[in-house]
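What follows is a set of notes on a single structure, which appears directly below.
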Amino acid sequence: MITQVVSPAGGHAFHNRLTHALKVAQVGRRIAEKLNTSENAELTKKLGGLDPSVVEAAGMAHDLGHPPFGHIAEEELDARLRDVKESDGYEGNAQSFRIVTRLETRESGREKGSLGLNLTRATLNALLKYPRMRSQESVNGHEKFGAYRSETAQFEFARKQSTGDSPCLEAQIMDWADDITYAVHDLEDFYRARMIPLDRLSKSKDEIKSFLTAMVSRLKGKIKPEEEQSYEDAATRFLSFCPVSEAYSGRRTQQVALRGFASSIIHDAICGATLCETGLVRPAKSDREVTILKQLTWHYVIEDSRLATEHHGQRTVIGRLFKIFSDAAAERAKWKIFPPALQEQLQDQTSSPARTAADYIASMGERRALDLYCELMGTSLKPVTTGAAL
């Protein structure tokens, strides 16, 4: 699932980061193609251009920086890095930018020119949903930003033809596609997992009332007070007309109803998008629906106390991995526990030991992080042939 709040072993029904990236790319391209018309030609030119392929590429790359276990690990890595005076901490969006501009390689060799994917300025700019670096004022809080200071040159290259601190049109489209897809597909996944009770929400006034109260409370400060009633009304209509009326059991009719419901939300969100002088205009109805879907996941999944022990375990795994690898990175004799490419990064001193440790952890999938943790703690002994020289 896109929120990454349950175990990767939780079941095959969940979307993962790969399927999410593919769908963001697809939805983003469709929005761009819908807007990229002769009638909008003059406006898109003023906005810096609109290339559907650039939006698609940004959609494919936007989540590369998410570490194993998603936001739990982001928070843990951010805190650990700031504890050792890495003021930029950790942020998934900035890590994505670092991966495509520095950590990934193209062609062959260790030449300086082979670092990064050599993406165009337009593609890099489209990846910057948050086209800024971390402000000094927010060092003690988790703020979304698009690049670390170690990638200042690459950031300036990407933003050279942009003015102000607003994301470019293609980044705005990619961001809307991201919001649409993860909200919709989390709904699908968690309904199948019997965590979001669409059946009760479509029939029970008490269930809807309980959800609405929690939703408005969480949205305090994010929406204007005068908008609260409009969100309550929209949620009531949205959930009352949901075609899903029974708990999920896997029957074909349920799958059809769920897929039709999700498709209609995505269709309206794509077709309702328009342009103005400042960029993308999200359709108001769809924007509210996406917010409501996110709140369903918060209410029934993220804040579910049953996940607390799992989250604690995930945070423990990431924290201990960081401690092990940051300590090893600072001592040359222990570099062998890193893959060769990261040993070269340490030798070249292009990054601090702590940042290199974070780079390594962020590159892992959930299963690899758990396996490696067990190996390093001595609780899982495997043949030497399973060692990872990635």
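Just so we're on the same page: first chain in the structure tokens is A, next is B, and so on; residues restart at 1 for each chain, and ligands are numbered from 1 in the order they show up.
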
As a VMD selection string, which residues of region 69-182 of chain A does DSSP assign to helix (DSSP H, G or I)?
chain A and resid 71 to 83 92 to 103 112 to 114 121 to 127 136 to 138 149 to 159 169 to 182

If you run DSSP on this backbone, which residues of region 151-387 of chain A come out as strand (DSSP E or B), and could you give them as a PyMOL selection string?
chain A and resi 220+223+274-276+279-281

Go ahead and write the residues just picked, N, CA, C and O atoms, as a PDB file, in the first residue's frame.
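For reference, result_33.pdb as written:
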```pdb
ATOM      1  N   LYS A 220      -8.236  20.827  10.996  1.00  0.00           N
ATOM      2  CA  LYS A 220      -8.132  22.142  11.622  1.00  0.00           C
ATOM      3  C   LYS A 220      -6.800  22.787  11.253  1.00  0.00           C
ATOM      4  O   LYS A 220      -5.739  22.194  11.392  1.00  0.00           O
ATOM      5  N   ILE A 223      -7.715  23.756   6.493  1.00  0.00           N
ATOM      6  CA  ILE A 223      -8.785  24.359   5.703  1.00  0.00           C
ATOM      7  C   ILE A 223      -9.375  25.505   6.511  1.00  0.00           C
ATOM      8  O   ILE A 223      -9.222  25.567   7.732  1.00  0.00           O
ATOM      9  N   THR A 274      -7.770  21.894 -15.051  1.00  0.00           N
ATOM     10  CA  THR A 274      -7.676  23.007 -15.996  1.00  0.00           C
ATOM     11  C   THR A 274      -6.411  23.816 -15.701  1.00  0.00           C
ATOM     12  O   THR A 274      -5.662  23.502 -14.770  1.00  0.00           O
ATOM     13  N   LEU A 275      -6.195  24.850 -16.496  1.00  0.00           N
ATOM     14  CA  LEU A 275      -5.022  25.712 -16.320  1.00  0.00           C
ATOM     15  C   LEU A 275      -5.447  27.144 -16.025  1.00  0.00           C
ATOM     16  O   LEU A 275      -6.516  27.589 -16.441  1.00  0.00           O
ATOM     17  N   CYS A 276      -4.579  27.863 -15.313  1.00  0.00           N
ATOM     18  CA  CYS A 276      -4.746  29.297 -15.110  1.00  0.00           C
ATOM     19  C   CYS A 276      -3.364  29.947 -15.234  1.00  0.00           C
ATOM     20  O   CYS A 276      -2.383  29.271 -15.551  1.00  0.00           O
ATOM     21  N   GLY A 279      -0.690  28.142 -13.179  1.00  0.00           N
ATOM     22  CA  GLY A 279      -0.427  26.717 -13.370  1.00  0.00           C
ATOM     23  C   GLY A 279      -1.677  25.871 -13.332  1.00  0.00           C
ATOM     24  O   GLY A 279      -2.742  26.260 -13.822  1.00  0.00           O
ATOM     25  N   LEU A 280      -1.559  24.700 -12.718  1.00  0.00           N
ATOM     26  CA  LEU A 280      -2.651  23.731 -12.687  1.00  0.00           C
ATOM     27  C   LEU A 280      -3.751  24.163 -11.720  1.00  0.00           C
ATOM     28  O   LEU A 280      -3.470  24.641 -10.628  1.00  0.00           O
ATOM     29  N   VAL A 281      -4.987  23.939 -12.129  1.00  0.00           N
ATOM     30  CA  VAL A 281      -6.140  24.142 -11.249  1.00  0.00           C
ATOM     31  C   VAL A 281      -6.775  22.779 -11.003  1.00  0.00           C
ATOM     32  O   VAL A 281      -7.294  22.147 -11.928  1.00  0.00           O
TER      33      VAL A 281
END
```

For a quick check of understanding, using only C-alpha atoms, which of A:Ala247, A:Ala269, A:Leu128, A:Ala79 has the smallest distance to Ser162 (chain A)?
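Closest residue, counting only C-alpha atoms: A:Leu128.
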
Tell me which protein, DNA and RNA residues are within 8 Å of Ile31 (chain A), counting only C-alpha atoms, leaving out same-chain ones fewer than 6 positions away, and put them as a PyMOL selection string.
chain A and resi 173+177+270-271+273

Could you name the residues that touch Gln254 (chain A) at 10 Å or less, counting only C-alpha atoms, but leaving out those on the same chain fewer than 4 positions away, as a VMD selection string?
chain A and resid 192 243 to 250 258 to 260

Atom-to-atom span, CA of Ser305 (chain A) and CA of Leu370 (chain A), Å:
22.3 Å

Tell me which protein, DNA and RNA residues are within 8 Å of Leu321 (chain A), counting only C-alpha atoms, leaving out same-chain ones fewer than 3 positions away, and put them as a list of chain:residue names.
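That gives A:Val317, A:Ile318, A:Ile324, A:Phe325, A:Ile361, A:Tyr373.
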
Test item: residues at most 12 Å from Ile180 (chain A), only C-alpha atoms, excluding those fewer than 5 positions along its chain, as a PyMOL selection string:
chain A and resi 2+20+23-28+31+173-175+185-187+262-270+273+282-283+286-294

Deliver the residues from the most recent selection as a file, using N, CA, C and O atoms, as a tab-separated table (two decimals), in the first residue's frame.
```
chain	number	residue	atom	x	y	z
A	2	ILE	N	0.34	2.32	-0.52
A	2	ILE	CA	1.19	3.47	-0.79
A	2	ILE	C	1.62	4.18	0.48
A	2	ILE	O	2.70	4.74	0.56
A	20	HIS	N	2.76	1.92	-7.68
A	20	HIS	CA	2.34	3.32	-7.47
A	20	HIS	C	3.03	4.24	-8.47
A	20	HIS	O	2.39	5.08	-9.10
A	23	LYS	N	1.59	4.01	-11.90
A	23	LYS	CA	0.28	4.62	-12.02
A	23	LYS	C	0.35	6.14	-11.95
A	23	LYS	O	-0.41	6.84	-12.63
A	24	VAL	N	1.25	6.68	-11.14
A	24	VAL	CA	1.45	8.13	-11.12
A	24	VAL	C	1.91	8.60	-12.50
A	24	VAL	O	1.44	9.61	-13.02
A	25	ALA	N	2.85	7.85	-13.09
A	25	ALA	CA	3.34	8.20	-14.42
A	25	ALA	C	2.21	8.18	-15.45
A	25	ALA	O	2.09	9.07	-16.29
A	26	GLN	N	1.37	7.16	-15.37
A	26	GLN	CA	0.28	7.02	-16.33
A	26	GLN	C	-0.77	8.12	-16.15
A	26	GLN	O	-1.19	8.76	-17.13
A	27	VAL	N	-1.19	8.35	-14.91
A	27	VAL	CA	-2.20	9.38	-14.66
A	27	VAL	C	-1.64	10.77	-14.99
A	27	VAL	O	-2.32	11.60	-15.60
A	28	GLY	N	-0.38	11.02	-14.60
A	28	GLY	CA	0.24	12.30	-14.90
A	28	GLY	C	0.31	12.56	-16.39
A	28	GLY	O	0.03	13.68	-16.86
A	31	ILE	N	-3.18	13.52	-17.71
A	31	ILE	CA	-3.54	14.91	-17.38
A	31	ILE	C	-2.81	15.87	-18.32
A	31	ILE	O	-3.40	16.81	-18.85
A	173	ILE	N	1.48	18.96	-12.03
A	173	ILE	CA	0.68	17.86	-12.58
A	173	ILE	C	1.10	16.54	-11.95
A	173	ILE	O	0.27	15.71	-11.57
A	174	MET	N	2.41	16.32	-11.85
A	174	MET	CA	2.89	15.09	-11.22
A	174	MET	C	2.41	14.99	-9.77
A	174	MET	O	2.00	13.92	-9.30
A	175	ASP	N	2.41	16.11	-9.05
A	175	ASP	CA	1.97	16.13	-7.66
A	175	ASP	C	0.48	15.78	-7.56
A	175	ASP	O	0.07	15.02	-6.67
A	185	HIS	N	-5.80	4.25	-4.36
A	185	HIS	CA	-5.35	2.86	-4.24
A	185	HIS	C	-5.17	2.43	-2.78
A	185	HIS	O	-5.30	1.25	-2.47
A	186	ASP	N	-4.91	3.39	-1.88
A	186	ASP	CA	-4.97	3.04	-0.46
A	186	ASP	C	-6.38	2.65	-0.07
A	186	ASP	O	-6.59	1.72	0.73
A	187	LEU	N	-7.37	3.37	-0.60
A	187	LEU	CA	-8.76	3.01	-0.32
A	187	LEU	C	-9.05	1.58	-0.77
A	187	LEU	O	-9.61	0.78	-0.02
A	262	ALA	N	-13.34	3.41	-8.00
A	262	ALA	CA	-12.01	4.01	-8.10
A	262	ALA	C	-11.79	4.66	-9.45
A	262	ALA	O	-11.25	5.77	-9.55
A	263	SER	N	-12.22	4.00	-10.51
A	263	SER	CA	-12.02	4.53	-11.86
A	263	SER	C	-12.77	5.83	-12.07
A	263	SER	O	-12.28	6.75	-12.73
A	264	SER	N	-13.98	5.92	-11.50
A	264	SER	CA	-14.76	7.15	-11.68
A	264	SER	C	-14.10	8.33	-10.97
A	264	SER	O	-14.11	9.45	-11.48
A	265	ILE	N	-13.50	8.06	-9.79
A	265	ILE	CA	-12.80	9.13	-9.06
A	265	ILE	C	-11.60	9.62	-9.88
A	265	ILE	O	-11.37	10.82	-10.04
A	266	ILE	N	-10.82	8.67	-10.40
A	266	ILE	CA	-9.63	9.02	-11.18
A	266	ILE	C	-10.03	9.75	-12.47
A	266	ILE	O	-9.42	10.77	-12.85
A	267	HIS	N	-11.06	9.26	-13.14
A	267	HIS	CA	-11.54	9.88	-14.38
A	267	HIS	C	-11.94	11.34	-14.15
A	267	HIS	O	-11.53	12.24	-14.90
A	268	ASP	N	-12.72	11.59	-13.11
A	268	ASP	CA	-13.16	12.96	-12.82
A	268	ASP	C	-11.98	13.86	-12.44
A	268	ASP	O	-11.94	15.04	-12.82
A	269	ALA	N	-11.00	13.31	-11.72
A	269	ALA	CA	-9.84	14.09	-11.30
A	269	ALA	C	-8.97	14.48	-12.50
A	269	ALA	O	-8.37	15.56	-12.52
A	270	ILE	N	-8.90	13.60	-13.49
A	270	ILE	CA	-8.13	13.90	-14.71
A	270	ILE	C	-8.87	14.90	-15.58
A	270	ILE	O	-8.33	15.93	-15.98
A	273	ALA	N	-9.28	18.73	-14.48
A	273	ALA	CA	-8.11	19.59	-14.34
A	273	ALA	C	-8.09	20.66	-15.43
A	273	ALA	O	-8.37	20.38	-16.60
A	282	ARG	N	-6.70	22.31	-9.77
A	282	ARG	CA	-7.32	21.04	-9.43
A	282	ARG	C	-8.83	21.21	-9.36
A	282	ARG	O	-9.31	22.20	-8.77
A	283	PRO	N	-9.58	20.28	-9.91
A	283	PRO	CA	-11.05	20.40	-9.81
A	283	PRO	C	-11.48	20.35	-8.35
A	283	PRO	O	-11.07	19.44	-7.61
A	286	SER	N	-13.04	17.02	-7.01
A	286	SER	CA	-12.06	15.94	-6.92
A	286	SER	C	-11.04	16.20	-5.82
A	286	SER	O	-10.61	15.28	-5.12
A	287	ASP	N	-10.67	17.47	-5.64
A	287	ASP	CA	-9.70	17.81	-4.60
A	287	ASP	C	-10.28	17.48	-3.23
A	287	ASP	O	-9.57	16.93	-2.36
A	288	ARG	N	-11.55	17.76	-3.02
A	288	ARG	CA	-12.19	17.41	-1.76
A	288	ARG	C	-12.27	15.90	-1.59
A	288	ARG	O	-12.03	15.37	-0.50
A	289	GLU	N	-12.61	15.20	-2.68
A	289	GLU	CA	-12.72	13.74	-2.59
A	289	GLU	C	-11.39	13.10	-2.24
A	289	GLU	O	-11.33	12.16	-1.43
A	290	VAL	N	-10.32	13.59	-2.83
A	290	VAL	CA	-8.99	13.05	-2.53
A	290	VAL	C	-8.64	13.30	-1.06
A	290	VAL	O	-8.10	12.43	-0.37
A	291	THR	N	-8.97	14.49	-0.57
A	291	THR	CA	-8.73	14.80	0.85
A	291	THR	C	-9.53	13.85	1.74
A	291	THR	O	-9.01	13.34	2.75
A	292	ILE	N	-10.77	13.58	1.38
A	292	ILE	CA	-11.62	12.68	2.16
A	292	ILE	C	-11.03	11.26	2.16
A	292	ILE	O	-10.99	10.59	3.20
A	293	LEU	N	-10.54	10.81	1.00
A	293	LEU	CA	-9.93	9.48	0.92
A	293	LEU	C	-8.70	9.39	1.82
A	293	LEU	O	-8.48	8.38	2.50
A	294	LYS	N	-7.88	10.42	1.81
A	294	LYS	CA	-6.70	10.43	2.68
A	294	LYS	C	-7.11	10.36	4.15
A	294	LYS	O	-6.48	9.68	4.96
```

Test item: residues at most 12 Å from Ser150 (chain A), only C-alpha atoms, excluding those fewer than 2 positions along its chain, as a ChimeraX atom specification:
/A:86-89,94-95,97-99,101-103,133-134,146-148,152-156,350-352,355

Rounded to one decimal in Å, what is the spacing between CA of Glu42 (chain A) and CA of Pro131 (chain A)?
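Going from CA of Glu42 (chain A) over to CA of Pro131 (chain A), I get 24.3 Å.
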
Between CA of Ala158 (chain A) and CA of Gly59 (chain A), what is the distance in Å, rounded to a tenth?
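Straight-line distance from CA of Ala158 (chain A) to CA of Gly59 (chain A) works out to 16.4 Å.
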